[in-house]
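Visitor: Provided below: query.cif, containing mmCIF, C-alpha atoms and all ligand atoms.
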```cif
data_upload
loop_
_atom_site.label_atom_id
_atom_site.label_comp_id
_atom_site.auth_asym_id
_atom_site.auth_seq_id
_atom_site.Cartn_x
_atom_site.Cartn_y
_atom_site.Cartn_z
CA MET N 26 40.55 218.45 287.82
CA ASN N 27 43.38 216.99 289.95
CA SER N 28 44.40 218.75 293.14
CA LEU N 29 47.77 220.40 292.44
CA TRP N 30 50.80 220.68 294.75
CA ILE N 31 53.98 222.55 293.79
CA ASP N 32 57.43 221.77 295.20
CA ALA N 33 59.95 224.52 294.48
CA ASP N 34 63.35 226.05 295.28
CA MET N 35 62.15 229.61 294.64
CA GLY N 36 64.35 231.12 292.01
CA PHE N 37 62.86 233.57 289.53
CA ASP N 38 61.72 230.79 287.20
CA ASP N 39 60.01 228.93 290.07
CA MET N 40 58.21 232.16 290.96
CA LEU N 41 57.10 232.74 287.37
CA ALA N 42 55.89 229.14 287.03
CA ILE N 43 53.80 229.51 290.20
CA MET N 44 52.44 232.85 289.01
CA MET N 45 51.43 231.27 285.68
CA VAL N 46 49.47 228.56 287.49
CA ASN N 47 47.86 231.17 289.77
CA HIS N 48 46.93 233.37 286.84
CA SER N 49 45.41 230.40 285.04
CA LYS N 50 42.97 230.19 287.96
CA ARG N 51 44.07 226.60 288.57
CA MET N 52 44.03 226.21 292.35
CA ILE N 53 47.28 225.40 294.15
CA ALA N 54 46.51 223.15 297.14
CA GLY N 55 49.89 223.70 298.73
CA CYS N 56 53.57 224.31 298.16
CA SER N 57 56.66 222.74 299.69
CA LEU N 58 60.14 224.23 299.71
CA VAL N 59 63.42 222.52 299.04
CA PHE N 60 67.06 223.70 298.98
CA GLY N 61 68.40 224.30 295.48
CA ASN N 62 68.79 227.69 293.88
CA ALA N 63 69.92 228.82 297.35
CA PRO N 64 70.29 227.22 300.80
CA LEU N 65 66.90 226.44 302.40
CA PRO N 66 66.75 229.46 304.79
CA GLN N 67 67.16 231.78 301.77
CA VAL N 68 64.59 229.77 299.77
CA CYS N 69 62.17 230.31 302.70
CA LYS N 70 62.95 234.05 302.74
CA ASN N 71 62.31 234.27 298.99
CA ALA N 72 59.03 232.37 299.36
CA ALA N 73 57.85 234.61 302.21
CA SER N 74 58.58 237.72 300.20
CA MET N 75 56.98 236.39 297.00
CA ALA N 76 53.86 235.34 298.91
CA ALA N 77 53.55 238.76 300.58
CA THR N 78 54.31 240.73 297.40
CA PHE N 79 52.00 238.79 295.10
CA ASN N 80 49.27 237.86 297.57
CA TRP N 81 49.75 234.11 297.38
CA THR N 82 47.15 232.46 299.58
CA PHE N 83 48.11 228.75 299.35
CA PRO N 84 49.94 227.24 302.36
CA ILE N 85 53.73 227.00 302.12
CA HIS N 86 55.57 224.22 303.97
CA ILE N 87 59.29 223.95 304.65
CA GLY N 88 61.05 220.82 303.43
CA ALA N 89 64.54 219.44 302.93
CA ALA N 90 67.67 221.49 303.59
CA LYS N 91 70.06 218.95 302.06
CA PRO N 92 70.09 216.02 299.66
CA LEU N 93 69.46 212.42 300.71
CA VAL N 94 73.13 211.59 300.18
CA GLY N 95 76.21 213.79 299.97
CA ASP N 96 76.83 217.46 300.50
CA LEU N 97 74.55 220.43 299.94
CA VAL N 98 74.80 221.80 296.39
CA THR N 99 73.27 225.14 295.41
CA ALA N 100 73.31 227.26 292.27
CA GLY N 101 74.91 230.12 294.22
CA HIS N 102 77.93 230.34 291.90
CA VAL N 103 75.56 231.40 289.07
CA LEU N 104 72.69 233.04 290.94
CA GLY N 105 74.43 234.71 293.87
CA PRO N 106 73.55 234.29 297.56
CA THR N 107 69.81 235.00 297.20
CA GLY N 108 69.27 232.70 294.21
CA LEU N 109 67.63 235.71 292.56
CA PRO N 110 70.01 237.86 290.51
CA THR N 111 68.57 241.30 289.75
CA LEU N 112 69.26 244.46 287.76
CA GLY N 113 68.84 246.51 290.94
CA ARG N 114 65.70 246.08 293.01
CA ALA N 115 65.47 242.95 295.16
CA LEU N 116 62.45 241.24 296.67
CA PRO N 117 61.42 243.24 299.74
CA ASP N 118 61.97 241.78 303.21
CA ALA N 119 58.84 240.16 304.57
CA ASP N 120 57.73 238.51 307.80
CA PRO N 121 58.95 234.91 308.00
CA LEU N 122 56.61 232.22 306.70
CA PRO N 123 53.88 231.34 309.20
CA GLN N 124 54.60 228.21 311.27
CA ARG N 125 53.06 225.21 309.53
CA ALA N 126 53.50 221.46 309.34
CA ALA N 127 56.76 220.36 307.73
CA ALA N 128 56.64 219.37 304.05
CA LEU N 129 56.37 215.59 304.57
CA ALA N 130 53.47 215.86 307.04
CA ALA N 131 51.69 218.34 304.78
CA LEU N 132 52.18 216.21 301.66
CA VAL N 133 50.86 213.16 303.53
CA GLN N 134 47.79 215.04 304.72
CA TRP N 135 47.17 216.35 301.20
CA LEU N 136 47.38 212.85 299.67
CA GLU N 137 45.24 211.30 302.39
CA ASN N 138 42.47 213.66 301.34
CA ALA N 139 43.06 213.63 297.59
CA ASP N 140 40.56 210.97 296.55
CA GLY N 141 42.98 209.59 293.97
CA LYS N 142 43.11 212.92 292.16
CA ALA N 143 46.42 214.49 293.07
CA GLU N 144 49.12 215.90 290.83
CA LEU N 145 52.55 217.27 291.66
CA LEU N 146 54.68 219.85 289.90
CA ALA N 147 58.31 219.68 291.09
CA LEU N 148 60.64 222.56 290.18
CA GLY N 149 63.75 221.81 292.20
CA PRO N 150 65.78 218.87 293.51
CA LEU N 151 63.41 215.95 294.18
CA THR N 152 64.39 215.44 297.84
CA ASN N 153 60.97 216.20 299.39
CA ILE N 154 59.23 213.93 296.90
CA ALA N 155 61.70 211.07 297.39
CA ILE N 156 61.22 211.34 301.17
CA LEU N 157 57.46 211.04 300.58
CA CYS N 158 58.00 207.98 298.33
CA LEU N 159 60.17 206.30 300.98
CA ALA N 160 57.98 207.24 303.97
CA ARG N 161 54.52 206.54 302.53
CA PRO N 162 54.62 204.30 299.45
CA ASP N 163 51.01 203.35 300.28
CA LEU N 164 49.90 206.88 299.35
CA LEU N 165 51.59 206.96 295.93
CA PRO N 166 48.57 205.53 294.07
CA GLN N 167 46.83 208.81 294.99
CA LEU N 168 49.22 210.62 292.65
CA GLN N 169 48.08 210.75 289.03
CA CYS N 170 51.29 212.35 287.85
CA ILE N 171 54.53 214.04 288.86
CA THR N 172 55.81 216.64 286.37
CA TRP N 173 59.42 217.63 287.02
CA MET N 174 61.64 220.33 285.56
CA GLY N 175 64.92 218.54 285.65
CA GLY N 176 67.39 216.35 283.82
CA GLY N 177 68.98 216.69 280.45
CA ALA N 178 68.61 214.12 277.69
CA THR N 179 71.66 215.29 275.77
CA SER N 180 73.71 217.48 278.12
CA GLY N 181 73.81 219.20 281.48
CA ASN N 182 73.99 222.76 282.76
CA HIS N 183 75.53 222.30 286.21
CA THR N 184 78.11 219.83 284.91
CA ALA N 185 78.73 218.65 281.37
CA SER N 186 76.57 215.63 282.18
CA ALA N 187 73.97 216.81 284.67
CA GLU N 188 71.20 219.37 284.93
CA PHE N 189 71.19 221.24 288.27
CA ASN N 190 68.03 219.78 289.89
CA ALA N 191 69.22 216.27 289.04
CA PHE N 192 72.80 216.89 290.17
CA ALA N 193 71.71 218.43 293.49
CA ASP N 194 70.09 215.14 294.57
CA PRO N 195 70.59 212.26 292.11
CA GLU N 196 69.46 209.60 294.59
CA ALA N 197 66.17 211.44 295.10
CA ALA N 198 65.64 211.75 291.36
CA ALA N 199 66.38 208.03 290.92
CA ILE N 200 63.89 207.07 293.64
CA VAL N 201 61.08 209.22 292.24
CA CYS N 202 61.79 208.15 288.68
CA ALA N 203 61.56 204.48 289.66
CA SER N 204 58.58 204.92 292.02
CA GLY N 205 56.03 203.76 289.46
CA VAL N 206 54.11 207.05 289.74
CA PRO N 207 53.53 208.44 286.21
CA PHE N 208 56.52 210.75 285.84
CA LYS N 209 56.89 213.48 283.21
CA MET N 210 60.38 214.91 282.88
CA VAL N 211 60.70 218.35 281.32
CA ASP N 212 64.42 218.43 280.67
CA LEU N 213 66.93 221.04 279.48
CA ASP N 214 66.34 220.15 275.81
CA ALA N 215 62.61 220.86 276.17
CA CYS N 216 63.19 224.06 278.16
CA ARG N 217 65.84 225.41 275.81
CA GLN N 218 63.20 225.57 273.06
CA VAL N 219 61.62 228.47 274.98
CA THR N 220 63.81 231.52 275.46
CA VAL N 221 63.54 235.08 276.76
CA SER N 222 65.74 238.03 275.82
CA PRO N 223 66.22 241.70 276.82
CA ALA N 224 63.52 242.73 274.29
CA ASP N 225 61.00 240.92 276.50
CA LEU N 226 61.57 243.54 279.22
CA ILE N 227 59.92 246.30 277.16
CA GLY N 228 56.37 245.41 278.25
CA LEU N 229 57.27 245.82 281.92
CA GLN N 230 59.10 249.09 281.22
CA LYS N 231 55.83 250.56 279.97
CA ILE N 232 53.97 249.88 283.24
CA ASP N 233 54.46 252.48 285.94
CA THR N 234 53.92 250.56 289.18
CA PRO N 235 56.27 249.41 291.96
CA LYS N 236 55.52 245.77 291.06
CA ALA N 237 56.43 246.40 287.41
CA ALA N 238 59.75 247.94 288.48
CA LEU N 239 60.50 244.98 290.78
CA LEU N 240 59.52 242.36 288.20
CA HIS N 241 61.53 244.19 285.54
CA ASP N 242 64.69 243.99 287.63
CA LEU N 243 64.17 240.35 288.63
CA PHE N 244 63.29 239.27 285.08
CA GLY N 245 66.26 241.27 283.75
CA GLY N 246 68.54 239.58 286.30
CA TYR N 247 67.27 236.19 285.13
CA ILE N 248 67.77 237.01 281.43
CA ASN N 249 71.28 238.23 282.25
CA ILE N 250 72.27 234.71 283.33
CA GLY N 251 72.22 233.77 279.63
CA ILE N 252 73.58 237.09 278.38
CA SER N 253 76.54 236.95 280.80
CA LYS N 254 77.50 233.63 279.19
CA GLY N 255 77.70 235.30 275.77
CA ARG N 256 74.29 234.13 274.58
CA GLU N 257 71.52 236.31 273.15
CA SER N 258 68.81 234.86 275.36
CA MET N 259 68.07 232.73 278.39
CA ALA N 260 66.05 229.51 278.51
CA LEU N 261 62.85 229.56 280.54
CA TYR N 262 63.07 226.49 282.77
CA ASP N 263 60.34 226.01 285.37
CA PRO N 264 57.59 227.84 283.40
CA VAL N 265 58.00 225.28 280.58
CA ALA N 266 57.23 222.49 283.06
CA ALA N 267 54.24 224.41 284.43
CA ALA N 268 52.76 225.19 281.02
CA PRO N 269 51.29 221.74 280.19
CA LEU N 270 49.46 221.71 283.52
CA ILE N 271 47.62 224.81 282.36
CA ASP N 272 47.31 223.96 278.65
CA LYS N 273 48.31 220.44 277.71
CA THR N 274 48.87 221.36 274.06
CA THR N 275 51.98 223.37 275.03
CA LEU N 276 54.30 220.39 275.40
CA ALA N 277 54.30 216.96 273.77
CA PHE N 278 55.50 213.96 275.78
CA GLN N 279 56.77 210.54 274.73
CA THR N 280 56.97 207.43 276.86
CA MET N 281 60.56 206.27 277.17
CA SER N 282 62.92 204.79 279.67
CA ILE N 283 64.51 207.30 282.08
CA ALA N 284 67.12 206.41 284.70
CA VAL N 285 69.41 208.55 286.83
CA GLU N 286 73.15 207.94 287.20
CA CYS N 287 74.14 208.12 290.88
CA ALA N 288 77.60 206.58 290.78
CA GLY N 289 79.72 208.14 288.04
CA ASN N 290 82.44 210.63 288.93
CA LEU N 291 81.95 212.69 285.79
CA THR N 292 78.37 211.65 285.13
CA ARG N 293 76.71 211.78 288.58
CA GLY N 294 73.21 213.20 288.14
CA ARG N 295 73.00 212.43 284.44
CA THR N 296 69.55 211.37 283.29
CA VAL N 297 69.94 208.42 280.97
CA ILE N 298 67.22 208.29 278.35
CA ASP N 299 66.51 205.34 276.12
CA ALA N 300 64.05 206.53 273.50
CA SER N 301 63.86 203.04 272.03
CA ALA N 302 62.72 201.47 275.31
CA LYS N 303 59.51 202.04 277.25
CA GLY N 304 61.04 201.15 280.66
CA THR N 305 58.28 200.72 283.23
CA GLY N 306 55.94 202.64 280.93
CA ALA N 307 55.49 205.23 283.67
CA THR N 308 58.18 207.68 282.54
CA GLN N 309 57.72 210.27 279.81
CA LEU N 310 60.05 212.90 278.39
CA GLY N 311 58.87 216.31 277.19
CA THR N 312 59.77 216.60 273.52
CA ARG N 313 58.26 219.38 271.38
CA ALA N 314 57.35 222.66 273.12
CA ASN N 315 55.02 225.28 271.67
CA ALA N 316 57.46 228.11 272.39
CA THR N 317 55.20 230.89 271.10
CA ARG N 318 52.34 229.89 273.37
CA ILE N 319 54.53 229.30 276.45
CA ARG N 320 56.26 232.66 276.01
CA GLU N 321 52.89 234.33 275.63
CA MET N 322 51.65 232.67 278.85
CA ALA N 323 54.78 233.70 280.77
CA LEU N 324 54.93 237.29 279.49
CA SER N 325 51.22 237.97 279.94
CA THR N 326 51.47 236.62 283.50
CA LEU N 327 54.27 239.07 284.26
CA LEU N 328 52.31 242.00 282.77
CA GLU N 329 49.18 241.11 284.75
CA ALA N 330 51.14 240.76 287.97
CA ALA N 331 52.93 244.05 287.29
CA ALA N 332 49.67 245.90 286.82
CA GLY N 333 48.04 244.38 289.93
O1 LIG B 401 68.46 223.72 285.84
C1 LIG B 401 67.40 224.62 285.98
C2 LIG B 401 66.64 224.38 287.27
O2 LIG B 401 67.49 224.57 288.41
C3 LIG B 401 65.46 225.29 287.50
O3 LIG B 401 64.45 224.59 288.17
C4 LIG B 401 66.04 226.36 288.39
O4 LIG B 401 65.03 227.06 289.12
C5 LIG B 401 66.92 225.53 289.30
O5 LIG B 401 66.14 224.89 290.28
CA CA B 402 63.58 225.63 290.25
#
```
The structure given in the file should be rewritten as structure tokens.
Ligand code: RIB
Ligand code: CA
Guide:
Amino acid sequence: MNSLWIDADMGFDDMLAIMMVNHSKRMIAGCSLVFGNAPLPQVCKNAASMAATFNWTFPIHIGAAKPLVGDLVTAGHVLGPTGLPTLGRALPDADPLPQRAAALAALVQWLENADGKAELLALGPLTNIAILCLARPDLLPQLQCITWMGGGATSGNHTASAEFNAFADPEAAAIVCASGVPFKMVDLDACRQVTVSPADLIGLQKIDTPKAALLHDLFGGYINIGISKGRESMALYDPVAAAPLIDKTTLAFQTMSIAVECAGNLTRGRTVIDASAKGTGATQLGTRANATRIREMALSTLLEAAAG
């Protein structure tokens, strides 16, 4: 099995994706943090609290605080200052993350020791990964695959054209996409096939532990993002990208050309898909998701964590 690294911006869906991998017993070699759902200092605070609350043992390394080009963009206007909307309870304060190597140095060390069997799951803007591609192209053959939650084949969520992780650093997404490393994009269309709604909170309501109460409020806050927009449910984003790393039958992929628009005024950050072209042959788009199975994986992970 490939050694797995996760790069994340630590919203609720990042946390749930990481918990799903942990609960699958697949080992996480390390994790790097990137700005995104919130500014980097808040992402670090979230990560420290999640690690302390859920006994995460993998090393966490701090990465990019801003995109390669342009101004910092966060999802604060939707998610609030912490990047983690809640029904009441918030993640408890924790000691800051222990001092460790910065993300680039840690990623380099990981790849130098990977024996050609490394795999990356990226759940936020691709800045850390693009910096790795630019700094150490010689190490890229070590990477078997990068799976990314990002992009939108037909529409965006941050703008009409662009999904948030793509919009937050289009140049980084373009660099990674064109790096030649096998790249699997799990876009909005794939993620929107898998939804959660207020009825999914009932399981957590039945568990009488402090962790169940905390997870209930965080999960409820996440579901409310969709409800507050007049929908009946909310798409699960990052867990959909994590699912095929645990069970590859959960998401089908098709090779097609993927490019990222960096120039357009209205279309900056748009992922441009050509389903009729294979491009470099290294890029694949997630197509059909097994929503029942992915929901089951996500919900059972939450129940297990709540009981623990
Ligand atoms: O557009 C959804 C993505 O943006 C998710 O990865 C979410 O966590 C944020 O990073
Ligand atoms: Ca994310």
Visitor: Which one is closest to ligand LIG 401 (chain B): N:Asn190, N:Asn138, N:Thr296, N:Asn80? Count only C-alpha atoms and all ligand atoms.
Guide: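 Looking at the shortest contact to ligand LIG 401 (chain B), the residue is N:Asn190.
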Visitor: Given a cut-off of 10 Å, what residues near ligand CA 402 (chain B) show up using all atoms listed in the file, put as a list in words?
Guide: Asp32, Ala33, Asp34, Met35, Gly36, Phe37, Asp38, Asp39, Met40, Ala42, Val59, Phe60, Gly61, Asn62, Gly108, Ala147, Leu148, Gly149, Pro150, Trp173, Met174, Gly175, Phe189, Asn190, Tyr262, Asp263 and Pro264 of chain N
Visitor: Using all atoms listed in the file, pick whichever of N:Val221, N:Asp96, N:Cys158, N:Pro106 has the shortest atom-to-atom distance to Ala198 in chain N.
Guide: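 Smallest separation from Ala198 in chain N among the options: N:Cys158.
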Visitor: One number please: CA of Ser325 in chain N to CA of Cys56 in chain N, in Å, one decimal.
Guide: 22.9 Å
Visitor: Counting all atoms listed in the file, figure out which residue out of N:Ala72, N:Val201, N:Ala63, N:Met281 gets nearest to ligand LIG 401 (chain B).
Guide: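 When distances to ligand LIG 401 (chain B) are compared using all atoms listed in the file, the smallest one comes from N:Ala63.
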Visitor: Go ahead and compute the interatomic distance for CA of Met322 in chain N and CA of Met45 in chain N, in Å to one decimal.
Guide: 7.0 Å
Visitor: Mind giving me the straight-line distance from CA of Ala54 in chain N to CA of Ser28 in chain N in Å, one decimal?
Guide: 6.3 Å
Visitor: List the neighbours of range 112-114 of chain N out to 8 Å using all atoms listed in the file; skip same-chain residues closer than 4 positions along the sequence, and give me the result as a PDB file with C-alpha atoms, in the frame of the given file.
Guide:
```pdb
ATOM      1  CA  ALA N 238      59.750 247.940 288.480  1.00  0.00           C
ATOM      2  CA  LEU N 239      60.500 244.980 290.780  1.00  0.00           C
ATOM      3  CA  ASP N 242      64.690 243.990 287.630  1.00  0.00           C
ATOM      4  CA  LEU N 243      64.170 240.350 288.630  1.00  0.00           C
ATOM      5  CA  GLY N 245      66.260 241.270 283.750  1.00  0.00           C
ATOM      6  CA  GLY N 246      68.540 239.580 286.300  1.00  0.00           C
TER       7      GLY N 246
END
```
Visitor: Need the axis-aligned box for ligand LIG 401 (chain B) with 8 Å each side, so what are the centre and edges in Å to one decimal, as lines of an AutoDock Vina configuration file?
Guide:
```
center_x = 66.5
center_y = 225.4
center_z = 288.1
size_x = 20.0
size_y = 19.3
size_z = 20.4
```
Visitor: Ranking N:Thr326, N:Thr305, N:Thr317, N:Thr172 by minimum distance to ligand LIG 401 (chain B) and counting all atoms listed in the file, which one comes first?
Guide: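 Nearest candidate to ligand LIG 401 (chain B) out of N:Thr326, N:Thr305, N:Thr317, N:Thr172: N:Thr172.
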Visitor: Nearest residue to Ala89 in chain N out of N:Asp194, N:Asp299, N:Glu321, N:Glu144, using only C-alpha atoms?
Guide: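 Of N:Asp194, N:Asp299, N:Glu321, N:Glu144, the one nearest Ala89 in chain N, counting only C-alpha atoms, is N:Asp194.
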Visitor: Which of these residues is nearest to ligand LIG 401 (chain B), using all atoms listed in the file: N:Asn182, N:Thr107, N:Ser253, N:Gln167?
Guide: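 Closest to ligand LIG 401 (chain B), using all atoms listed in the file: N:Asn182.
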Visitor: For Leu261 in chain N, list every protein, DNA or RNA residue within 10 Å, evaluated using all atoms listed in the file, and leave out those in the same chain fewer than 6 positions away; present the list as a PDB file with C-alpha atoms, in the frame of the given file.
Guide:
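Saved file around19.pdb follows:
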```
ATOM      1  CA  PHE N  37      62.860 233.570 289.530  1.00  0.00           C
ATOM      2  CA  ASP N  38      61.720 230.790 287.200  1.00  0.00           C
ATOM      3  CA  ASP N  39      60.010 228.930 290.070  1.00  0.00           C
ATOM      4  CA  LEU N  41      57.100 232.740 287.370  1.00  0.00           C
ATOM      5  CA  ALA N  42      55.890 229.140 287.030  1.00  0.00           C
ATOM      6  CA  LEU N 213      66.930 221.040 279.480  1.00  0.00           C
ATOM      7  CA  ALA N 215      62.610 220.860 276.170  1.00  0.00           C
ATOM      8  CA  CYS N 216      63.190 224.060 278.160  1.00  0.00           C
ATOM      9  CA  ARG N 217      65.840 225.410 275.810  1.00  0.00           C
ATOM     10  CA  GLN N 218      63.200 225.570 273.060  1.00  0.00           C
ATOM     11  CA  VAL N 219      61.620 228.470 274.980  1.00  0.00           C
ATOM     12  CA  THR N 220      63.810 231.520 275.460  1.00  0.00           C
ATOM     13  CA  VAL N 221      63.540 235.080 276.760  1.00  0.00           C
ATOM     14  CA  TYR N 247      67.270 236.190 285.130  1.00  0.00           C
ATOM     15  CA  ILE N 248      67.770 237.010 281.430  1.00  0.00           C
ATOM     16  CA  ALA N 316      57.460 228.110 272.390  1.00  0.00           C
ATOM     17  CA  ILE N 319      54.530 229.300 276.450  1.00  0.00           C
ATOM     18  CA  ARG N 320      56.260 232.660 276.010  1.00  0.00           C
ATOM     19  CA  ALA N 323      54.780 233.700 280.770  1.00  0.00           C
TER      20      ALA N 323
END
```
Visitor: Hey, what's within 8 Å of Leu310 in chain N if we count only C-alpha atoms and toss same-chain stuff fewer than 6 positions away? As a list in words, please?
Guide: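 Here the answer would be Lys209, Met210, Val211, Asp212, Phe278, Gln279, Thr280 and Met281 of chain N.
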Visitor: For Gly333 in chain N, please output as a compact mmCIF listing (two decimals) with C-alpha atoms, in the coordinates of the input all residues within 8 Å (counting all atoms listed in the file; exclusion window: fewer than 3 positions along the same chain).
Guide:
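Saved result, out30.txt, follows:
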```txt
# COMPACT_ATOMS: atom_id res chain seq x y z
CA LYS N 236 55.52 245.77 291.06
CA GLU N 329 49.18 241.11 284.75
CA ALA N 330 51.14 240.76 287.97
```
Visitor: Counting all atoms listed in the file, what is within 10 Å of Pro117 in chain N, bar same-chain residues fewer than 4 positions away, as a list of chain:residue names?
Guide: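 What passes the distance filter is N:Lys70, N:Asn71, N:Ala73, N:Ser74, N:Met75, N:Ala77, N:Thr78, N:Leu239.
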Visitor: Using only C-alpha atoms, give me every residue within 10 Å of (39.8, 208.7, 291.3) in file coordinates, as a PyMOL selection string.
Guide: chain N and resi 27+139-143+166-169
Visitor: Model the absent atoms of range 266-290 of chain N so that N, CA and C atoms are present, and write the result as a PDB file, keeping the file's coordinate frame.
Guide:
```pdb
ATOM      1  N   ALA N 266      57.818 223.654 282.388  1.00  0.00           N
ATOM      2  CA  ALA N 266      57.230 222.490 283.060  1.00  0.00           C
ATOM      3  C   ALA N 266      55.817 222.785 283.549  1.00  0.00           C
ATOM      4  N   ALA N 267      55.580 224.036 283.932  1.00  0.00           N
ATOM      5  CA  ALA N 267      54.240 224.410 284.430  1.00  0.00           C
ATOM      6  C   ALA N 267      53.222 224.506 283.296  1.00  0.00           C
ATOM      7  N   ALA N 268      53.689 224.890 282.118  1.00  0.00           N
ATOM      8  CA  ALA N 268      52.760 225.190 281.020  1.00  0.00           C
ATOM      9  C   ALA N 268      51.785 224.053 280.688  1.00  0.00           C
ATOM     10  N   PRO N 269      52.247 222.791 280.556  1.00  0.00           N
ATOM     11  CA  PRO N 269      51.290 221.740 280.190  1.00  0.00           C
ATOM     12  C   PRO N 269      50.251 221.438 281.266  1.00  0.00           C
ATOM     13  N   LEU N 270      50.478 221.898 282.489  1.00  0.00           N
ATOM     14  CA  LEU N 270      49.460 221.710 283.520  1.00  0.00           C
ATOM     15  C   LEU N 270      48.332 222.721 283.358  1.00  0.00           C
ATOM     16  N   ILE N 271      48.617 223.770 282.600  1.00  0.00           N
ATOM     17  CA  ILE N 271      47.620 224.810 282.360  1.00  0.00           C
ATOM     18  C   ILE N 271      46.960 224.573 280.999  1.00  0.00           C
ATOM     19  N   ASP N 272      47.797 224.206 280.020  1.00  0.00           N
ATOM     20  CA  ASP N 272      47.310 223.960 278.650  1.00  0.00           C
ATOM     21  C   ASP N 272      48.138 222.795 278.097  1.00  0.00           C
ATOM     22  N   LYS N 273      47.488 221.624 278.017  1.00  0.00           N
ATOM     23  CA  LYS N 273      48.310 220.440 277.710  1.00  0.00           C
ATOM     24  C   LYS N 273      48.819 220.401 276.270  1.00  0.00           C
ATOM     25  N   THR N 274      48.356 221.333 275.439  1.00  0.00           N
ATOM     26  CA  THR N 274      48.870 221.360 274.060  1.00  0.00           C
ATOM     27  C   THR N 274      50.247 222.047 273.984  1.00  0.00           C
ATOM     28  N   THR N 275      50.724 222.607 275.096  1.00  0.00           N
ATOM     29  CA  THR N 275      51.980 223.370 275.030  1.00  0.00           C
ATOM     30  C   THR N 275      53.230 222.499 274.986  1.00  0.00           C
ATOM     31  N   LEU N 276      53.105 221.243 275.385  1.00  0.00           N
ATOM     32  CA  LEU N 276      54.300 220.390 275.400  1.00  0.00           C
ATOM     33  C   LEU N 276      53.901 218.949 275.098  1.00  0.00           C
ATOM     34  N   ALA N 277      54.567 218.361 274.097  1.00  0.00           N
ATOM     35  CA  ALA N 277      54.300 216.960 273.770  1.00  0.00           C
ATOM     36  C   ALA N 277      55.208 216.069 274.616  1.00  0.00           C
ATOM     37  N   PHE N 278      54.713 214.918 274.989  1.00  0.00           N
ATOM     38  CA  PHE N 278      55.500 213.960 275.780  1.00  0.00           C
ATOM     39  C   PHE N 278      55.556 212.620 275.069  1.00  0.00           C
ATOM     40  N   GLN N 279      56.657 211.905 275.270  1.00  0.00           N
ATOM     41  CA  GLN N 279      56.770 210.540 274.730  1.00  0.00           C
ATOM     42  C   GLN N 279      57.226 209.588 275.820  1.00  0.00           C
ATOM     43  N   THR N 280      56.567 208.440 275.875  1.00  0.00           N
ATOM     44  CA  THR N 280      56.970 207.430 276.860  1.00  0.00           C
ATOM     45  C   THR N 280      58.332 206.862 276.477  1.00  0.00           C
ATOM     46  N   MET N 281      59.251 206.895 277.401  1.00  0.00           N
ATOM     47  CA  MET N 281      60.560 206.270 277.170  1.00  0.00           C
ATOM     48  C   MET N 281      61.223 205.974 278.503  1.00  0.00           C
ATOM     49  N   SER N 282      62.254 205.179 278.435  1.00  0.00           N
ATOM     50  CA  SER N 282      62.920 204.790 279.670  1.00  0.00           C
ATOM     51  C   SER N 282      63.811 205.941 280.183  1.00  0.00           C
ATOM     52  N   ILE N 283      63.677 206.246 281.462  1.00  0.00           N
ATOM     53  CA  ILE N 283      64.510 207.300 282.080  1.00  0.00           C
ATOM     54  C   ILE N 283      65.138 206.721 283.350  1.00  0.00           C
ATOM     55  N   ALA N 284      66.449 206.848 283.473  1.00  0.00           N
ATOM     56  CA  ALA N 284      67.120 206.410 284.700  1.00  0.00           C
ATOM     57  C   ALA N 284      68.109 207.503 285.101  1.00  0.00           C
ATOM     58  N   VAL N 285      68.511 207.491 286.353  1.00  0.00           N
ATOM     59  CA  VAL N 285      69.410 208.550 286.830  1.00  0.00           C
ATOM     60  C   VAL N 285      70.714 207.922 287.318  1.00  0.00           C
ATOM     61  N   GLU N 286      71.819 208.433 286.807  1.00  0.00           N
ATOM     62  CA  GLU N 286      73.150 207.940 287.200  1.00  0.00           C
ATOM     63  C   GLU N 286      73.512 208.524 288.571  1.00  0.00           C
ATOM     64  N   CYS N 287      73.773 207.647 289.532  1.00  0.00           N
ATOM     65  CA  CYS N 287      74.140 208.120 290.880  1.00  0.00           C
ATOM     66  C   CYS N 287      75.607 207.852 291.203  1.00  0.00           C
ATOM     67  N   ALA N 288      76.276 207.051 290.388  1.00  0.00           N
ATOM     68  CA  ALA N 288      77.600 206.580 290.780  1.00  0.00           C
ATOM     69  C   ALA N 288      78.757 207.294 290.076  1.00  0.00           C
ATOM     70  N   GLY N 289      78.584 207.672 288.845  1.00  0.00           N
ATOM     71  CA  GLY N 289      79.720 208.140 288.040  1.00  0.00           C
ATOM     72  C   GLY N 289      80.403 209.369 288.609  1.00  0.00           C
ATOM     73  N   ASN N 290      81.705 209.439 288.484  1.00  0.00           N
ATOM     74  CA  ASN N 290      82.440 210.630 288.930  1.00  0.00           C
ATOM     75  C   ASN N 290      82.124 211.817 288.043  1.00  0.00           C
TER      76      ASN N 290
END
```
